[in-house]
Amino acid sequence: MIGYLNGQYLPQENIVISPEDRGFLFADGIYEVIRSYGGKLFRAKAHFGRLSRSASALQFNHTDFSYLETVCVKLIQDNRLTQGDAVIYMQVTRGVAPRSHAFPPIETPLTVYATAKSFQSHLQESENGTRVILVPDQRWARCDIKTVGLLANTLAHQRARNSHATEGLFVRDGAVLEGTHSNVMAVFDGKVITPPRTNYMLAGITREFVLGLCGELSIPFSEAPLYESDIMNADELMIVGTTVEVTPVIAINGENIGSGMPGPITRKLQKAFQEGTA
Ligand code: PDD
């Protein structure tokens with residue numbers, strides 16, 4: 001496998017990152033995950049836009065990473081991923097410097113890393129629906145920045161796995177905000193509801209795309225809080241994201257949502273999403 005580090009394309013096993021990298025020491029880094037379908041990047045501009053906003057939020061010395069689109073395309077080609085599905089991971093950190101909480105000198109080069117791998121969609125969950133649990137949100141107050149500081153997400157996700165679920169939905173002050181690596185949408189009386197953008201959730205690229213599909217398909221939607229006390233009464237529930245695409249949720253904490261089967265609006269959006277990536 002060929003990866004990219006700071007301007008060079010190298011076999012993955014030859015890629016070396018310093019132990020003094022601030023990504024390693026402080027999780028002082030940001031990332032993006034982009035899908036490619038049949039060699040074509042999905043919503044690349046939106047991902048690079050968000051990477052740039054994350055870099056600005058962390059006051060990095062460089063915030064325009066649009067050149068990485070060419071890098072992604074080359075990684076797809078070099079790794080023979082032009083057919084089928086693949087996933088590209090990109091990470092940028094504040095670079096290498098002796099450990100100190102203060103930022104290093106402004107001219108310190110950022111560390112820029114990217115890889116591309118083939119990706120198997122979770123067909124069974126996509127078809128039959130999946131199970132989630134609710135988890136207390138123990139993250140910081142800037143969940144809108146896509147940083148590599150994901151310990152609370154991994155702990156919550158593992159808790160879901162240990163409960164035979166595939167995703168944990170974060171709950172803060174009674175509001176269900178998003179999944180550990182996905183956004184959440186519910187359907188009540190034919191209307192799609194998804195939590196509004198705040199600093200407590202990531203503005204997902206897939207979320208935005210699916211809301212656009214709602215508009216195109218004349219499915220009413222609204223960005224409004226989803227309360228823990230109401231969510232069990234949803235007719236349908238789904239998680240959306242780069243890796244989960246549009247996945248129906250059939251149970252929360254072991255209790256069925258709606259009929260306990262993927263609902264008709266979820267199916268419509270799933271189909272439109274698949275057409276959008278074809
Ligand atoms: N995560 N919310 C969180 C906390 C996420 O980490 C992600 C994506 C999403 C969905 O965003 P998007 O539609 O832009 O992928 C929402 C990636 C896939 C990950 O961490 O692997």
# chains A, B, ... in the order shown; residues from 1 in each chain; ligands from 1
>>> residues_around(residues="stretch 85-97 of chain A", least_positions_apart="5", cutoff="8 Å", atoms="only C-alpha atoms", output="NGL selection string")
:A and (18 or 20-23 or 28-39 or 60 or 72 or 76 or 104 or 108-120)
>>> residues_around(residues="stretch 165-175 of chain A", least_positions_apart="5", cutoff="7 Å", atoms="only C-alpha atoms", output="PDB file with all heavy atoms, in the first residue's frame")
ATOM      1  N   THR A 130     -29.718  -1.492  11.740  1.00  0.00           N
ATOM      2  CA  THR A 130     -28.734  -1.731  12.782  1.00  0.00           C
ATOM      3  C   THR A 130     -29.276  -1.301  14.141  1.00  0.00           C
ATOM      4  O   THR A 130     -30.348  -0.698  14.240  1.00  0.00           O
ATOM      5  CB  THR A 130     -27.411  -1.013  12.424  1.00  0.00           C
ATOM      6  OG1 THR A 130     -26.375  -1.555  13.203  1.00  0.00           O
ATOM      7  CG2 THR A 130     -27.492   0.492  12.652  1.00  0.00           C
ATOM      8  N   ARG A 131     -28.538  -1.636  15.192  1.00  0.00           N
ATOM      9  CA  ARG A 131     -28.941  -1.318  16.562  1.00  0.00           C
ATOM     10  C   ARG A 131     -27.963  -0.326  17.159  1.00  0.00           C
ATOM     11  O   ARG A 131     -26.762  -0.426  16.909  1.00  0.00           O
ATOM     12  CB  ARG A 131     -28.906  -2.598  17.417  1.00  0.00           C
ATOM     13  CG  ARG A 131     -29.868  -3.626  16.926  1.00  0.00           C
ATOM     14  CD  ARG A 131     -29.642  -5.012  17.504  1.00  0.00           C
ATOM     15  NE  ARG A 131     -30.736  -5.841  17.012  1.00  0.00           N
ATOM     16  CZ  ARG A 131     -31.915  -5.908  17.619  1.00  0.00           C
ATOM     17  NH1 ARG A 131     -32.119  -5.293  18.770  1.00  0.00           N
ATOM     18  NH2 ARG A 131     -32.896  -6.610  17.081  1.00  0.00           N
ATOM     19  N   VAL A 132     -28.478   0.617  17.916  1.00  0.00           N
ATOM     20  CA  VAL A 132     -27.620   1.615  18.552  1.00  0.00           C
ATOM     21  C   VAL A 132     -27.952   1.680  20.045  1.00  0.00           C
ATOM     22  O   VAL A 132     -28.978   1.146  20.471  1.00  0.00           O
ATOM     23  CB  VAL A 132     -27.799   3.025  17.915  1.00  0.00           C
ATOM     24  CG1 VAL A 132     -27.561   2.987  16.415  1.00  0.00           C
ATOM     25  CG2 VAL A 132     -29.174   3.612  18.220  1.00  0.00           C
ATOM     26  N   ILE A 133     -27.077   2.317  20.792  1.00  0.00           N
ATOM     27  CA  ILE A 133     -27.394   2.599  22.196  1.00  0.00           C
ATOM     28  C   ILE A 133     -27.208   4.099  22.436  1.00  0.00           C
ATOM     29  O   ILE A 133     -26.531   4.787  21.648  1.00  0.00           O
ATOM     30  CB  ILE A 133     -26.504   1.802  23.191  1.00  0.00           C
ATOM     31  CG1 ILE A 133     -25.010   2.148  23.011  1.00  0.00           C
ATOM     32  CG2 ILE A 133     -26.728   0.304  23.056  1.00  0.00           C
ATOM     33  CD1 ILE A 133     -24.130   1.664  24.154  1.00  0.00           C
ATOM     34  N   LEU A 134     -27.792   4.595  23.514  1.00  0.00           N
ATOM     35  CA  LEU A 134     -27.568   5.987  23.912  1.00  0.00           C
ATOM     36  C   LEU A 134     -26.405   6.005  24.902  1.00  0.00           C
ATOM     37  O   LEU A 134     -26.309   5.118  25.757  1.00  0.00           O
ATOM     38  CB  LEU A 134     -28.832   6.562  24.564  1.00  0.00           C
ATOM     39  CG  LEU A 134     -30.083   6.597  23.681  1.00  0.00           C
ATOM     40  CD1 LEU A 134     -31.269   7.181  24.462  1.00  0.00           C
ATOM     41  CD2 LEU A 134     -29.848   7.415  22.411  1.00  0.00           C
ATOM     42  N   VAL A 135     -25.530   6.989  24.750  1.00  0.00           N
ATOM     43  CA  VAL A 135     -24.368   7.091  25.643  1.00  0.00           C
ATOM     44  C   VAL A 135     -24.236   8.537  26.130  1.00  0.00           C
ATOM     45  O   VAL A 135     -24.516   9.472  25.365  1.00  0.00           O
ATOM     46  CB  VAL A 135     -23.049   6.678  24.930  1.00  0.00           C
ATOM     47  CG1 VAL A 135     -22.979   5.189  24.710  1.00  0.00           C
ATOM     48  CG2 VAL A 135     -22.868   7.409  23.613  1.00  0.00           C
ATOM     49  N   PRO A 136     -23.828   8.725  27.387  1.00  0.00           N
ATOM     50  CA  PRO A 136     -23.631  10.097  27.854  1.00  0.00           C
ATOM     51  C   PRO A 136     -22.503  10.757  27.062  1.00  0.00           C
ATOM     52  O   PRO A 136     -21.487  10.115  26.780  1.00  0.00           O
ATOM     53  CB  PRO A 136     -23.241   9.943  29.332  1.00  0.00           C
ATOM     54  CG  PRO A 136     -23.045   8.493  29.573  1.00  0.00           C
ATOM     55  CD  PRO A 136     -23.523   7.716  28.392  1.00  0.00           C
ATOM     56  N   ASP A 137     -22.686  12.004  26.680  1.00  0.00           N
ATOM     57  CA  ASP A 137     -21.670  12.722  25.903  1.00  0.00           C
ATOM     58  C   ASP A 137     -20.608  13.264  26.844  1.00  0.00           C
ATOM     59  O   ASP A 137     -20.859  14.196  27.604  1.00  0.00           O
ATOM     60  CB  ASP A 137     -22.334  13.859  25.108  1.00  0.00           C
ATOM     61  CG  ASP A 137     -21.402  14.389  24.026  1.00  0.00           C
ATOM     62  OD1 ASP A 137     -20.204  14.052  24.051  1.00  0.00           O
ATOM     63  OD2 ASP A 137     -21.893  15.141  23.148  1.00  0.00           O
ATOM     64  N   ALA A 156     -17.108   5.386  23.711  1.00  0.00           N
ATOM     65  CA  ALA A 156     -18.555   5.256  23.525  1.00  0.00           C
ATOM     66  C   ALA A 156     -18.854   4.197  22.463  1.00  0.00           C
ATOM     67  O   ALA A 156     -19.795   3.404  22.597  1.00  0.00           O
ATOM     68  CB  ALA A 156     -19.157   6.597  23.125  1.00  0.00           C
ATOM     69  N   HIS A 157     -18.041   4.176  21.403  1.00  0.00           N
ATOM     70  CA  HIS A 157     -18.264   3.196  20.343  1.00  0.00           C
ATOM     71  C   HIS A 157     -18.038   1.779  20.871  1.00  0.00           C
ATOM     72  O   HIS A 157     -18.812   0.861  20.588  1.00  0.00           O
ATOM     73  CB  HIS A 157     -17.356   3.481  19.148  1.00  0.00           C
ATOM     74  CG  HIS A 157     -17.639   2.586  17.993  1.00  0.00           C
ATOM     75  ND1 HIS A 157     -18.755   2.737  17.207  1.00  0.00           N
ATOM     76  CD2 HIS A 157     -17.000   1.492  17.530  1.00  0.00           C
ATOM     77  CE1 HIS A 157     -18.775   1.777  16.299  1.00  0.00           C
ATOM     78  NE2 HIS A 157     -17.722   1.012  16.472  1.00  0.00           N
ATOM     79  N   ALA A 160     -20.888   0.580  22.771  1.00  0.00           N
ATOM     80  CA  ALA A 160     -21.948   0.111  21.877  1.00  0.00           C
ATOM     81  C   ALA A 160     -21.641  -1.307  21.394  1.00  0.00           C
ATOM     82  O   ALA A 160     -22.503  -2.187  21.446  1.00  0.00           O
ATOM     83  CB  ALA A 160     -22.089   1.066  20.687  1.00  0.00           C
ATOM     84  N   THR A 180     -21.072   8.370  17.340  1.00  0.00           N
ATOM     85  CA  THR A 180     -19.631   8.501  17.591  1.00  0.00           C
ATOM     86  C   THR A 180     -18.872   8.776  16.296  1.00  0.00           C
ATOM     87  O   THR A 180     -17.787   9.315  16.313  1.00  0.00           O
ATOM     88  CB  THR A 180     -19.043   7.221  18.235  1.00  0.00           C
ATOM     89  OG1 THR A 180     -19.093   6.143  17.291  1.00  0.00           O
ATOM     90  CG2 THR A 180     -19.798   6.823  19.496  1.00  0.00           C
ATOM     91  N   PRO A 225     -33.994  20.122  17.718  1.00  0.00           N
ATOM     92  CA  PRO A 225     -33.469  19.188  18.725  1.00  0.00           C
ATOM     93  C   PRO A 225     -34.248  17.875  18.744  1.00  0.00           C
ATOM     94  O   PRO A 225     -35.457  17.859  18.517  1.00  0.00           O
ATOM     95  CB  PRO A 225     -33.662  19.945  20.046  1.00  0.00           C
ATOM     96  CG  PRO A 225     -33.818  21.374  19.670  1.00  0.00           C
ATOM     97  CD  PRO A 225     -34.420  21.405  18.298  1.00  0.00           C
ATOM     98  N   LEU A 226     -33.501  16.819  19.016  1.00  0.00           N
ATOM     99  CA  LEU A 226     -34.111  15.477  19.146  1.00  0.00           C
ATOM    100  C   LEU A 226     -33.929  15.087  20.599  1.00  0.00           C
ATOM    101  O   LEU A 226     -32.798  14.856  21.029  1.00  0.00           O
ATOM    102  CB  LEU A 226     -33.304  14.483  18.318  1.00  0.00           C
ATOM    103  CG  LEU A 226     -33.711  14.084  16.929  1.00  0.00           C
ATOM    104  CD1 LEU A 226     -32.744  13.032  16.387  1.00  0.00           C
ATOM    105  CD2 LEU A 226     -35.126  13.559  16.919  1.00  0.00           C
ATOM    106  N   TYR A 227     -35.009  15.040  21.342  1.00  0.00           N
ATOM    107  CA  TYR A 227     -34.853  14.772  22.773  1.00  0.00           C
ATOM    108  C   TYR A 227     -34.871  13.281  23.067  1.00  0.00           C
ATOM    109  O   TYR A 227     -35.582  12.508  22.417  1.00  0.00           O
ATOM    110  CB  TYR A 227     -35.923  15.520  23.567  1.00  0.00           C
ATOM    111  CG  TYR A 227     -35.722  17.013  23.474  1.00  0.00           C
ATOM    112  CD1 TYR A 227     -36.554  17.804  22.691  1.00  0.00           C
ATOM    113  CD2 TYR A 227     -34.655  17.614  24.138  1.00  0.00           C
ATOM    114  CE1 TYR A 227     -36.337  19.170  22.574  1.00  0.00           C
ATOM    115  CE2 TYR A 227     -34.433  18.981  24.029  1.00  0.00           C
ATOM    116  CZ  TYR A 227     -35.283  19.752  23.241  1.00  0.00           C
ATOM    117  OH  TYR A 227     -35.044  21.091  23.121  1.00  0.00           O
ATOM    118  N   GLU A 228     -34.078  12.927  24.063  1.00  0.00           N
ATOM    119  CA  GLU A 228     -33.995  11.529  24.489  1.00  0.00           C
ATOM    120  C   GLU A 228     -35.390  11.013  24.845  1.00  0.00           C
ATOM    121  O   GLU A 228     -35.740   9.873  24.550  1.00  0.00           O
ATOM    122  CB  GLU A 228     -33.073  11.468  25.724  1.00  0.00           C
ATOM    123  CG  GLU A 228     -32.831  10.092  26.223  1.00  0.00           C
ATOM    124  CD  GLU A 228     -31.918  10.073  27.457  1.00  0.00           C
ATOM    125  OE1 GLU A 228     -31.547  11.156  27.966  1.00  0.00           O
ATOM    126  OE2 GLU A 228     -31.598   8.962  27.895  1.00  0.00           O
TER     127      GLU A 228
END
>>> residues_near_ligand(ligand="ligand 1", cutoff="6 Å", atoms="only C-alpha atoms and all ligand atoms", output="list in words")
Val33, Glu178, Gly179, Thr180, His181, Ser182, Asn183, Leu202, Gly204, Ile205, Thr206, Arg207, Gly241, Thr242 and Thr243 of chain A
>>> write_last_selection(atoms="N, CA and C atoms", output="mmCIF file, in the first residue's frame")
data_model
loop_
_atom_site.group_PDB
_atom_site.id
_atom_site.type_symbol
_atom_site.label_atom_id
_atom_site.label_comp_id
_atom_site.auth_asym_id
_atom_site.auth_seq_id
_atom_site.Cartn_x
_atom_site.Cartn_y
_atom_site.Cartn_z
ATOM 1 N N VAL A 33 -12.216 12.016 6.355
ATOM 2 C CA VAL A 33 -12.401 10.701 5.739
ATOM 3 C C VAL A 33 -13.298 10.927 4.527
ATOM 4 N N GLU A 178 -25.599 13.249 18.054
ATOM 5 C CA GLU A 178 -25.007 12.574 16.888
ATOM 6 C C GLU A 178 -24.423 11.258 17.363
ATOM 7 N N GLY A 179 -23.931 10.472 16.412
ATOM 8 C CA GLY A 179 -23.265 9.226 16.758
ATOM 9 C C GLY A 179 -21.783 9.448 17.000
ATOM 10 N N THR A 180 -21.072 8.370 17.340
ATOM 11 C CA THR A 180 -19.631 8.501 17.591
ATOM 12 C C THR A 180 -18.872 8.776 16.296
ATOM 13 N N HIS A 181 -19.461 8.356 15.163
ATOM 14 C CA HIS A 181 -18.838 8.661 13.861
ATOM 15 C C HIS A 181 -19.912 8.817 12.784
ATOM 16 N N SER A 182 -21.056 9.348 13.179
ATOM 17 C CA SER A 182 -22.166 9.524 12.226
ATOM 18 C C SER A 182 -23.106 10.597 12.766
ATOM 19 N N ASN A 183 -23.958 11.107 11.916
ATOM 20 C CA ASN A 183 -25.045 11.994 12.360
ATOM 21 C C ASN A 183 -26.330 11.185 12.433
ATOM 22 N N LEU A 202 -20.740 17.517 14.908
ATOM 23 C CA LEU A 202 -20.009 17.758 13.668
ATOM 24 C C LEU A 202 -21.007 17.954 12.533
ATOM 25 N N GLY A 204 -21.890 17.121 9.465
ATOM 26 C CA GLY A 204 -21.500 16.045 8.545
ATOM 27 C C GLY A 204 -21.765 16.412 7.092
ATOM 28 N N ILE A 205 -20.864 15.973 6.236
ATOM 29 C CA ILE A 205 -21.025 16.201 4.793
ATOM 30 C C ILE A 205 -22.187 15.335 4.287
ATOM 31 N N THR A 206 -22.296 14.128 4.820
ATOM 32 C CA THR A 206 -23.388 13.235 4.409
ATOM 33 C C THR A 206 -24.728 13.799 4.881
ATOM 34 N N ARG A 207 -24.749 14.331 6.098
ATOM 35 C CA ARG A 207 -25.974 14.952 6.641
ATOM 36 C C ARG A 207 -26.478 16.020 5.685
ATOM 37 N N GLY A 241 -23.438 9.046 7.393
ATOM 38 C CA GLY A 241 -22.029 9.437 7.493
ATOM 39 C C GLY A 241 -21.238 8.825 6.351
ATOM 40 N N THR A 242 -19.983 9.248 6.245
ATOM 41 C CA THR A 242 -19.124 8.803 5.147
ATOM 42 C C THR A 242 -18.990 7.286 5.105
ATOM 43 N N THR A 243 -18.860 6.663 6.270
ATOM 44 C CA THR A 243 -18.659 5.212 6.289
ATOM 45 C C THR A 243 -19.988 4.459 6.380
#
>>> atom_distance(atom1="atom CA of A:Arg99", atom2="atom CA of A:Ile17")
14.8 Å
>>> select_by_dssp(residues="stretch 22-163 of chain A", states="alpha helix (DSSP H)", output="ChimeraX atom specification")
/A:22-26,44-57,68-78,123-128,151-162
>>> select_by_dssp(residues="stretch 63-244 of chain A", states="strand (DSSP E)", output="PyMOL selection string")
chain A and resi 85-93+111-118+130-136+167-172+175-179+183-188+191-194+221-223+226-227+236-241
>>> residues_around(residues="A:Cys214", least_positions_apart="6", cutoff="8 Å", atoms="only C-alpha atoms", output="CSV table (one decimal) with N, CA, C and O atoms, in the first residue's frame")
chain,number,residue,atom,x,y,z
A,220,PRO,N,-40.5,16.5,3.8
A,220,PRO,CA,-40.3,17.6,4.7
A,220,PRO,C,-39.2,17.3,5.7
A,220,PRO,O,-39.1,16.2,6.1
A,221,PHE,N,-38.4,18.3,6.0
A,221,PHE,CA,-37.4,18.1,7.0
A,221,PHE,C,-37.2,19.4,7.9
A,221,PHE,O,-37.6,20.5,7.4
A,269,LEU,N,-34.5,7.5,1.0
A,269,LEU,CA,-33.2,8.3,1.1
A,269,LEU,C,-32.0,7.4,0.8
A,269,LEU,O,-31.1,7.9,0.2
>>> residues_around(residues="A:Phe188", least_positions_apart="4", cutoff="12 Å", atoms="only C-alpha atoms", output="list in words")
Val192, Ile193, Thr194, Ile219, Pro220, Phe221, Ser222, Ala224, Leu226, Asp230, Ile231, Met232, Asn233, Ala234, Asp235, Glu236, Leu237, Ile257, Gly258, Gly263, Ile265 and Thr266 of chain A
>>> write_last_selection(atoms="all heavy atoms", output="compact mmCIF listing (two decimals), in the first residue's frame")
# COMPACT_ATOMS: atom_id res chain seq x y z
N VAL A 192 -38.60 14.46 8.43
CA VAL A 192 -37.24 14.13 8.90
C VAL A 192 -36.77 15.22 9.85
O VAL A 192 -36.82 16.41 9.52
CB VAL A 192 -36.28 14.00 7.69
CG1 VAL A 192 -34.83 13.84 8.15
CG2 VAL A 192 -36.69 12.83 6.80
N ILE A 193 -36.30 14.81 11.02
CA ILE A 193 -35.77 15.75 12.01
C ILE A 193 -34.32 15.39 12.29
O ILE A 193 -34.02 14.22 12.58
CB ILE A 193 -36.54 15.67 13.36
CG1 ILE A 193 -38.06 15.75 13.15
CG2 ILE A 193 -36.04 16.73 14.36
CD1 ILE A 193 -38.59 17.13 12.95
N THR A 194 -33.44 16.37 12.22
CA THR A 194 -32.04 16.13 12.58
C THR A 194 -31.57 17.28 13.46
O THR A 194 -31.99 18.44 13.26
CB THR A 194 -31.16 15.96 11.31
OG1 THR A 194 -29.91 15.40 11.68
CG2 THR A 194 -30.93 17.25 10.56
N ILE A 219 -39.45 15.57 0.66
CA ILE A 219 -39.68 15.00 2.00
C ILE A 219 -39.49 16.16 2.98
O ILE A 219 -38.41 16.76 3.01
CB ILE A 219 -38.67 13.87 2.31
CG1 ILE A 219 -38.81 12.72 1.31
CG2 ILE A 219 -38.80 13.39 3.75
CD1 ILE A 219 -37.71 11.67 1.38
N PRO A 220 -40.52 16.50 3.77
CA PRO A 220 -40.34 17.62 4.69
C PRO A 220 -39.24 17.31 5.70
O PRO A 220 -39.09 16.17 6.13
CB PRO A 220 -41.71 17.74 5.39
CG PRO A 220 -42.58 16.69 4.83
CD PRO A 220 -41.82 15.86 3.86
N PHE A 221 -38.44 18.33 6.04
CA PHE A 221 -37.39 18.12 7.04
C PHE A 221 -37.20 19.38 7.86
O PHE A 221 -37.57 20.48 7.43
CB PHE A 221 -36.07 17.70 6.38
CG PHE A 221 -35.42 18.77 5.55
CD1 PHE A 221 -34.49 19.65 6.11
CD2 PHE A 221 -35.73 18.91 4.21
CE1 PHE A 221 -33.89 20.64 5.35
CE2 PHE A 221 -35.13 19.90 3.44
CZ PHE A 221 -34.21 20.77 4.00
N SER A 222 -36.61 19.17 9.04
CA SER A 222 -36.32 20.32 9.88
C SER A 222 -35.11 20.02 10.75
O SER A 222 -34.90 18.87 11.16
CB SER A 222 -37.59 20.64 10.69
OG SER A 222 -37.28 21.09 11.94
N ALA A 224 -33.91 20.44 14.11
CA ALA A 224 -34.51 20.75 15.41
C ALA A 224 -34.00 19.75 16.43
O ALA A 224 -33.62 18.63 16.06
CB ALA A 224 -36.04 20.66 15.29
N LEU A 226 -33.50 16.82 19.02
CA LEU A 226 -34.11 15.48 19.15
C LEU A 226 -33.93 15.09 20.60
O LEU A 226 -32.80 14.86 21.03
CB LEU A 226 -33.30 14.48 18.32
CG LEU A 226 -33.71 14.08 16.93
CD1 LEU A 226 -32.74 13.03 16.39
CD2 LEU A 226 -35.13 13.56 16.92
N ASP A 230 -38.16 11.75 23.52
CA ASP A 230 -39.05 11.57 22.36
C ASP A 230 -38.56 10.51 21.38
O ASP A 230 -39.34 10.00 20.58
CB ASP A 230 -39.13 12.88 21.53
CG ASP A 230 -39.80 13.99 22.32
OD1 ASP A 230 -40.57 13.66 23.25
OD2 ASP A 230 -39.53 15.16 22.00
N ILE A 231 -37.26 10.24 21.43
CA ILE A 231 -36.67 9.48 20.31
C ILE A 231 -37.25 8.07 20.17
O ILE A 231 -37.38 7.55 19.06
CB ILE A 231 -35.12 9.49 20.39
CG1 ILE A 231 -34.53 9.18 19.02
CG2 ILE A 231 -34.59 8.56 21.46
CD1 ILE A 231 -33.08 9.55 18.87
N MET A 232 -37.67 7.48 21.31
CA MET A 232 -38.23 6.12 21.24
C MET A 232 -39.56 6.12 20.46
O MET A 232 -39.99 5.07 19.99
CB MET A 232 -38.47 5.53 22.63
CG MET A 232 -37.23 5.29 23.46
SD MET A 232 -35.88 4.40 22.66
CE MET A 232 -36.68 2.93 22.09
N ASN A 233 -40.19 7.30 20.38
CA ASN A 233 -41.47 7.40 19.66
C ASN A 233 -41.30 7.71 18.18
O ASN A 233 -42.30 7.92 17.48
CB ASN A 233 -42.35 8.49 20.28
CG ASN A 233 -42.65 8.18 21.73
OD1 ASN A 233 -42.83 7.02 22.07
ND2 ASN A 233 -42.67 9.21 22.57
N ALA A 234 -40.06 7.79 17.73
CA ALA A 234 -39.85 8.08 16.30
C ALA A 234 -40.42 6.93 15.48
O ALA A 234 -40.41 5.77 15.90
CB ALA A 234 -38.35 8.22 16.02
N ASP A 235 -40.92 7.26 14.29
CA ASP A 235 -41.42 6.21 13.39
C ASP A 235 -40.25 5.51 12.71
O ASP A 235 -40.32 4.32 12.40
CB ASP A 235 -42.33 6.84 12.31
CG ASP A 235 -43.49 7.58 12.94
OD1 ASP A 235 -44.06 7.04 13.90
OD2 ASP A 235 -43.79 8.70 12.49
N GLU A 236 -39.20 6.30 12.46
CA GLU A 236 -38.01 5.74 11.80
C GLU A 236 -36.79 6.47 12.36
O GLU A 236 -36.90 7.63 12.80
CB GLU A 236 -38.04 5.99 10.28
CG GLU A 236 -39.21 5.40 9.56
CD GLU A 236 -39.18 5.72 8.05
OE1 GLU A 236 -38.08 5.78 7.47
OE2 GLU A 236 -40.26 5.93 7.49
N LEU A 237 -35.66 5.82 12.26
CA LEU A 237 -34.41 6.45 12.69
C LEU A 237 -33.32 5.99 11.73
O LEU A 237 -33.37 4.87 11.21
CB LEU A 237 -34.08 5.99 14.12
CG LEU A 237 -33.06 6.82 14.88
CD1 LEU A 237 -33.65 8.18 15.27
CD2 LEU A 237 -32.62 6.10 16.16
N ILE A 257 -37.52 0.54 17.27
CA ILE A 257 -38.00 1.84 16.77
C ILE A 257 -39.05 1.53 15.71
O ILE A 257 -38.81 0.72 14.81
CB ILE A 257 -36.84 2.63 16.13
CG1 ILE A 257 -35.81 3.03 17.18
CG2 ILE A 257 -37.33 3.85 15.37
CD1 ILE A 257 -36.31 4.00 18.21
N GLY A 258 -40.20 2.18 15.81
CA GLY A 258 -41.30 1.93 14.86
C GLY A 258 -41.63 0.45 14.83
O GLY A 258 -41.79 -0.19 15.88
N GLY A 263 -37.71 1.83 7.76
CA GLY A 263 -38.95 2.48 7.34
C GLY A 263 -38.90 3.01 5.91
O GLY A 263 -37.82 3.07 5.29
N ILE A 265 -39.31 6.05 4.50
CA ILE A 265 -38.57 7.29 4.17
C ILE A 265 -37.07 7.00 4.20
O ILE A 265 -36.31 7.46 3.33
CB ILE A 265 -38.99 8.43 5.11
CG1 ILE A 265 -40.45 8.79 4.81
CG2 ILE A 265 -38.05 9.63 4.99
CD1 ILE A 265 -41.01 9.94 5.55
N THR A 266 -36.65 6.20 5.16
CA THR A 266 -35.24 5.80 5.21
C THR A 266 -34.86 5.09 3.91
O THR A 266 -33.81 5.37 3.31
CB THR A 266 -35.00 4.85 6.41
OG1 THR A 266 -35.50 5.49 7.59
CG2 THR A 266 -33.53 4.52 6.59
>>> atom_distance(atom1="atom CA of A:Gln270", atom2="atom CA of A:Ala44")
20.2 Å
>>> atom_distance(atom1="atom CA of A:Arg197", atom2="atom CA of A:Glu223")
8.0 Å
